[in-house]
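**Q** Structure file target-v4.cif (mmCIF, C-alpha atoms) right here:
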```
data_my_file
#
loop_
_atom_site.label_atom_id
_atom_site.label_comp_id
_atom_site.auth_asym_id
_atom_site.auth_seq_id
_atom_site.Cartn_x
_atom_site.Cartn_y
_atom_site.Cartn_z
CA ASN A 16 65.33 133.23 119.98
CA ALA A 17 64.21 129.67 120.62
CA GLY A 18 60.58 128.98 121.38
CA VAL A 19 59.16 126.68 124.01
CA MET A 20 60.96 123.37 123.83
CA GLN A 21 59.33 120.14 124.91
CA ASN A 22 60.88 116.69 125.03
CA PRO A 23 60.47 114.00 124.23
CA ARG A 24 58.14 114.58 121.28
CA HIS A 25 56.81 111.05 121.59
CA LEU A 26 56.84 108.84 124.66
CA VAL A 27 55.63 105.26 124.93
CA ARG A 28 55.08 103.68 128.33
CA ARG A 29 53.52 100.47 129.60
CA ARG A 30 50.77 100.58 132.18
CA GLY A 31 52.19 101.11 135.64
CA GLN A 32 55.37 102.87 134.50
CA GLU A 33 56.26 106.50 135.10
CA ALA A 34 56.23 109.23 132.47
CA ARG A 35 58.34 112.39 132.71
CA LEU A 36 57.65 115.24 130.34
CA ARG A 37 60.02 118.20 130.12
CA CYS A 38 59.43 121.78 129.12
CA SER A 39 61.96 124.57 128.68
CA PRO A 40 60.19 127.94 128.47
CA MET A 41 61.11 130.74 126.11
CA LYS A 42 64.07 132.81 127.21
CA GLY A 43 62.98 135.39 129.73
CA HIS A 44 59.70 133.64 130.57
CA SER A 45 59.15 132.62 134.16
CA HIS A 46 55.53 131.47 133.89
CA VAL A 47 54.81 127.92 132.71
CA TYR A 48 51.48 126.25 131.98
CA TRP A 49 50.68 122.62 131.22
CA TYR A 50 47.69 121.51 129.15
CA ARG A 51 46.38 118.17 127.98
CA GLN A 52 44.70 117.54 124.64
CA LEU A 53 42.72 114.52 123.51
CA PRO A 54 42.20 113.92 119.76
CA GLU A 55 39.82 116.40 118.14
CA GLU A 56 39.33 118.33 121.36
CA GLY A 57 40.49 121.63 122.73
CA LEU A 58 43.22 121.91 125.31
CA LYS A 59 42.39 121.39 128.99
CA PHE A 60 44.32 123.37 131.58
CA MET A 61 46.24 121.32 134.12
CA VAL A 62 48.66 123.45 136.11
CA TYR A 63 50.32 126.86 136.22
CA LEU A 64 53.73 127.37 137.77
CA GLN A 65 56.22 130.13 138.37
CA LYS A 66 59.81 129.45 139.35
CA GLU A 67 59.76 127.03 142.29
CA ASN A 68 56.06 127.62 142.96
CA ILE A 69 52.80 125.96 141.92
CA ILE A 70 50.30 128.78 141.50
CA ASP A 71 47.23 126.94 140.23
CA GLU A 72 46.85 123.17 139.96
CA SER A 73 43.08 123.10 139.75
CA GLY A 74 43.10 121.13 136.48
CA MET A 75 45.49 118.43 137.55
CA PRO A 76 44.29 115.07 138.92
CA LYS A 77 45.00 114.79 142.63
CA GLU A 78 46.63 111.39 142.31
CA ARG A 79 49.57 110.22 140.21
CA PHE A 80 50.21 113.64 138.61
CA SER A 81 52.73 116.19 139.80
CA ALA A 82 54.54 119.17 138.33
CA GLU A 83 57.55 121.22 139.22
CA PHE A 84 59.49 124.18 137.88
CA PRO A 85 62.81 124.30 139.71
CA LYS A 86 65.04 127.33 140.00
CA GLU A 87 67.39 125.78 137.48
CA GLY A 88 66.32 123.55 134.60
CA PRO A 89 63.10 122.75 132.80
CA SER A 90 59.63 122.29 134.15
CA ILE A 91 58.69 118.64 134.63
CA LEU A 92 55.25 117.05 134.43
CA ARG A 93 55.39 113.65 136.08
CA ILE A 94 52.77 110.93 135.78
CA GLN A 95 53.21 107.92 138.03
CA GLN A 96 51.70 104.48 137.42
CA VAL A 97 50.34 105.45 134.03
CA VAL A 98 47.05 104.04 132.78
CA ARG A 99 45.61 103.84 129.25
CA GLY A 100 43.49 106.92 129.89
CA ASP A 101 46.64 109.03 130.27
CA SER A 102 47.29 108.70 126.55
CA ALA A 103 47.10 112.23 125.14
CA ALA A 104 49.16 115.12 123.85
CA TYR A 105 50.59 117.25 126.65
CA PHE A 106 51.42 120.84 125.81
CA CYS A 107 53.49 123.31 127.71
CA ALA A 108 53.21 127.07 127.31
CA SER A 109 55.17 129.94 128.76
CA SER A 110 54.67 133.65 129.20
CA SER A 111 56.56 136.60 130.60
CA GLY A 112 53.69 137.50 132.91
CA GLN A 113 50.13 136.66 133.85
CA ALA A 114 48.72 139.28 131.51
CA GLN A 115 50.89 138.25 128.56
CA PRO A 116 50.05 135.80 125.74
CA GLN A 117 51.01 132.19 126.23
CA HIS A 118 53.38 130.67 123.70
CA PHE A 119 53.19 126.93 123.17
CA GLY A 120 55.63 124.14 122.50
CA ASP A 121 54.89 121.35 120.02
CA GLY A 122 53.86 118.94 122.75
CA THR A 123 54.69 115.45 123.95
CA ARG A 124 52.50 112.68 122.64
CA LEU A 125 52.17 110.06 125.33
CA SER A 126 51.03 106.58 124.38
CA ILE A 127 50.29 103.92 126.97
CA LEU A 128 50.51 100.29 125.92
CA GLY B 6 32.32 130.05 103.59
CA GLU B 7 31.18 130.36 107.20
CA SER B 8 31.32 128.10 110.20
CA VAL B 9 28.95 128.20 113.11
CA GLY B 10 31.66 127.01 115.42
CA LEU B 11 30.59 124.36 117.87
CA HIS B 12 27.78 123.05 115.65
CA LEU B 13 29.86 122.80 112.49
CA PRO B 14 33.45 122.05 113.34
CA THR B 15 34.68 121.64 109.76
CA LEU B 16 35.02 124.41 107.18
CA SER B 17 36.13 123.86 103.61
CA VAL B 18 37.01 126.83 101.37
CA GLN B 19 38.61 127.47 98.02
CA GLU B 20 42.04 129.02 97.92
CA GLY B 21 41.70 132.76 97.60
CA ASP B 22 38.28 132.94 99.25
CA ASN B 23 37.70 134.56 102.61
CA SER B 24 37.09 132.33 105.63
CA ILE B 25 34.98 133.09 108.67
CA ILE B 26 35.30 131.00 111.82
CA ASN B 27 32.88 131.60 114.66
CA CYS B 28 33.03 131.17 118.40
CA ALA B 29 30.37 131.67 121.06
CA TYR B 30 30.97 132.29 124.74
CA SER B 31 28.64 132.21 127.72
CA ASN B 32 30.15 134.48 130.36
CA SER B 33 29.06 138.06 129.84
CA ALA B 34 31.92 139.20 132.11
CA SER B 35 34.56 137.77 129.75
CA ASP B 36 36.84 140.60 128.69
CA TYR B 37 39.65 139.02 126.70
CA PHE B 38 39.73 136.51 123.87
CA ILE B 39 42.51 134.87 121.91
CA TRP B 40 42.56 132.98 118.63
CA TYR B 41 45.06 130.17 118.14
CA LYS B 42 45.94 128.14 115.07
CA GLN B 43 47.03 124.53 115.48
CA GLU B 44 48.58 122.67 112.58
CA SER B 45 48.73 118.90 112.60
CA GLY B 46 51.36 117.61 115.00
CA LYS B 47 52.19 121.04 116.36
CA GLY B 48 51.34 123.22 119.29
CA PRO B 49 48.85 126.09 119.16
CA GLN B 50 50.18 129.25 117.58
CA PHE B 51 48.95 132.67 118.74
CA ILE B 52 47.18 134.54 115.93
CA ILE B 53 45.42 137.55 117.40
CA ASP B 54 43.69 138.69 120.55
CA ILE B 55 41.00 141.19 121.42
CA ARG B 56 39.81 142.90 124.58
CA SER B 57 36.19 143.60 125.31
CA ASN B 58 36.63 147.38 124.95
CA MET B 59 37.08 146.79 121.22
CA ASP B 60 34.66 145.51 118.56
CA LYS B 61 37.26 144.81 115.92
CA ARG B 62 40.95 144.19 115.64
CA GLN B 63 42.99 143.62 112.51
CA GLY B 64 46.20 141.78 111.91
CA GLN B 65 47.95 140.57 108.82
CA ARG B 66 45.18 139.02 106.68
CA VAL B 67 43.14 138.33 109.82
CA THR B 68 40.39 140.28 111.52
CA VAL B 69 38.64 139.44 114.76
CA LEU B 70 35.16 140.79 115.42
CA LEU B 71 33.59 140.82 118.86
CA ASN B 72 29.85 141.15 119.42
CA LYS B 73 29.29 141.44 123.14
CA THR B 74 25.52 141.73 122.76
CA VAL B 75 25.19 138.16 121.53
CA LYS B 76 28.44 136.92 123.09
CA HIS B 77 29.99 135.96 119.82
CA LEU B 78 33.34 136.46 118.15
CA SER B 79 34.61 135.58 114.72
CA LEU B 80 37.93 135.22 113.00
CA GLN B 81 38.05 136.32 109.39
CA ILE B 82 40.91 135.22 107.16
CA ALA B 83 41.29 137.11 103.91
CA ALA B 84 42.45 135.41 100.71
CA THR B 85 42.78 132.01 102.38
CA GLN B 86 45.91 130.08 101.44
CA PRO B 87 46.78 126.37 101.69
CA GLY B 88 49.07 127.20 104.59
CA ASP B 89 46.02 128.36 106.54
CA SER B 90 44.75 124.76 106.76
CA ALA B 91 44.66 123.97 110.47
CA VAL B 92 42.34 123.78 113.46
CA TYR B 93 41.42 127.17 114.88
CA PHE B 94 40.55 127.64 118.52
CA CYS B 95 39.15 130.54 120.44
CA ALA B 96 40.31 130.71 124.05
CA GLU B 97 39.70 132.94 127.04
CA PRO B 98 41.15 133.34 130.52
CA PRO B 99 38.26 133.05 132.98
CA GLY B 100 40.05 135.46 135.26
CA GLY B 101 40.05 138.20 132.65
CA ALA B 102 42.77 139.96 130.67
CA GLY B 103 44.90 140.69 133.70
CA ASN B 104 44.81 137.14 134.96
CA ASN B 105 45.93 134.92 132.11
CA ARG B 106 46.85 132.06 134.38
CA LYS B 107 44.79 129.50 132.50
CA LEU B 108 42.93 129.42 129.25
CA ILE B 109 39.56 127.85 128.57
CA TRP B 110 39.40 126.53 125.01
CA GLY B 111 36.56 126.12 122.57
CA LEU B 112 36.02 122.93 120.61
CA GLY B 113 37.89 124.17 117.55
CA THR B 114 37.08 124.45 113.85
CA SER B 115 39.02 122.55 111.24
CA LEU B 116 39.74 124.68 108.18
CA ALA B 117 40.55 122.88 104.92
CA VAL B 118 41.71 124.97 101.98
CA ASN B 119 41.15 123.48 98.54
CA PRO B 120 43.64 124.49 95.83
#
```
Kindly transcribe the structure held in the file into structure tokens.
**A**
Amino acid sequence: NAGVMQNPRHLVRRRGQEARLRCSPMKGHSHVYWYRQLPEEGLKFMVYLQKENIIDESGMPKERFSAEFPKEGPSILRIQQVVRGDSAAYFCASSSGQAQPQHFGDGTRLSIL
Amino acid sequence: GESVGLHLPTLSVQEGDNSIINCAYSNSASDYFIWYKQESGKGPQFIIDIRSNMDKRQGQRVTVLLNKTVKHLSLQIAATQPGDSAVYFCAEPPGGAGNNRKLIWGLGTSLAVNP
């Protein structure tokens, strides 16, 4: 029973490029959450999605960031026109319901040159 | 050894000793808490959770204690092993146990186990 799968594990982009981060939830999970983590800090919530719907995006910057969770395929976190400050580890979690524990992937480490 | 959480984010213990990691919260209405373990280069791993109608919950080698009077919870690890070396976070959903849509995370405590 595979866990949450994120790819790529490491992503390097130059300033101004686009970054796409993918997350495949655990089998049977329809709730996906994205978090961002800076070194030596806790995780910061970004967005919560269910299939085809954004439920809560209160932690996501209004500009350049977007997320989707299509009916088929992985959830995608997209960052347009990346800047140095976007460098961080981005974690995805999934759960089988709002009241259930979130299970995390091993993250994508984004570095901006 | 004992950590006071946000004010002492690093805890170093000898293998075989018990470890205590602390976490304070501010919202007296908080009713659900989760402890996660994060090893270097990996995602957080669920350890144990506790609801506010309990004072104590035990798992395998771990115990979580909740003191609602002083808004404090602790994670106790018995017979600490080298594989326990990681950063430990307490987290809570601000919407309560039935609304786990997002988690608010503490600063974390780094546990180092000396052989």
**Q** Given a cut-off of 7 Å, which residues of chain A touch chain B, counting only C-alpha atoms, written out as a list in words?
**A**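 Those within range of chain B come out as Glu56, Gly57, Leu58, Phe60, Tyr63, Phe106, Gln113, Ala114, Gln115, His118, Phe119, Gly120, Asp121 and Gly122 of chain A.
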**Q** Check which residues satisfy the PyMOL selection byres ((chain B and resi 79-87) around 8) in the file shown, then give them as a CSV table (one decimal) with C-alpha atoms, in the frame of the given file.
**A**
```csv
chain,number,residue,atom,x,y,z
B,18,VAL,CA,37.0,126.8,101.4
B,19,GLN,CA,38.6,127.5,98.0
B,20,GLU,CA,42.0,129.0,97.9
B,21,GLY,CA,41.7,132.8,97.6
B,22,ASP,CA,38.3,132.9,99.2
B,23,ASN,CA,37.7,134.6,102.6
B,24,SER,CA,37.1,132.3,105.6
B,25,ILE,CA,35.0,133.1,108.7
B,26,ILE,CA,35.3,131.0,111.8
B,27,ASN,CA,32.9,131.6,114.7
B,28,CYS,CA,33.0,131.2,118.4
B,40,TRP,CA,42.6,133.0,118.6
B,66,ARG,CA,45.2,139.0,106.7
B,67,VAL,CA,43.1,138.3,109.8
B,68,THR,CA,40.4,140.3,111.5
B,69,VAL,CA,38.6,139.4,114.8
B,70,LEU,CA,35.2,140.8,115.4
B,71,LEU,CA,33.6,140.8,118.9
B,77,HIS,CA,30.0,136.0,119.8
B,78,LEU,CA,33.3,136.5,118.2
B,88,GLY,CA,49.1,127.2,104.6
B,89,ASP,CA,46.0,128.4,106.5
B,90,SER,CA,44.8,124.8,106.8
B,117,ALA,CA,40.6,122.9,104.9
B,118,VAL,CA,41.7,125.0,102.0
B,119,ASN,CA,41.2,123.5,98.5
B,120,PRO,CA,43.6,124.5,95.8
```
**Q** With a distance cut-off of 10 Å and only C-alpha atoms, select the neighbouring residues of Pro76 of chain A, excluding the residue or stretch itself and same-chain residues fewer than 6 positions from it, and output the selection as a list in words.
**A**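 Neighbouring residues, sequence-local ones excluded: Met61, Val62 and Ile94 of chain A.
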**Q** Quick one: distance from atom CA of Arg51 of chain A to atom CA of Gly64 of chain B in Å, one decimal?
**A**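 Going from atom CA of Arg51 of chain A over to atom CA of Gly64 of chain B covers 28.6 Å.
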**Q** Can you tell me which residues surround Ala82 of chain A at a distance of at most 7 Å, considering only C-alpha atoms, apart from same-chain residues fewer than 2 positions away, and format the answer as a PyMOL selection string?
**A** chain A and resi 91-93
**Q** What is the atom CA of Tyr41 of chain B-atom CA of Lys61 of chain B distance in Å, reported with one decimal?
**A** 16.7 Å
**Q** For segment 124-127 of chain A, take all atoms listed in the file, fit an axis-aligned box around them, add 4 Å to each of the six sides, then output centre and edge lengths in Å rounded to one decimal, as lines of an AutoDock Vina configuration file.
**A**
```
center_x = 51.4
center_y = 108.3
center_z = 124.8
size_x = 10.2
size_y = 16.8
size_z = 12.3
```
**Q** If the PyMOL selection byres ((chain A and resi 65) around 9) is run on the structure shown, which residues does it catch, given as an MDAnalysis selection string?
**A** chainID A and resid 45:48 63:64 66:70 84:85
**Q** Fewer than 4 positions away in the same chain doesn't count, so skip those; otherwise give me all residues within 8 Å of Arg30 of chain A, counting all atoms listed in the file, as a list in words.
**A**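 Surrounding residues, per the criterion: Gln96, Val97, Val98, Arg99, Ile127 and Leu128 of chain A.
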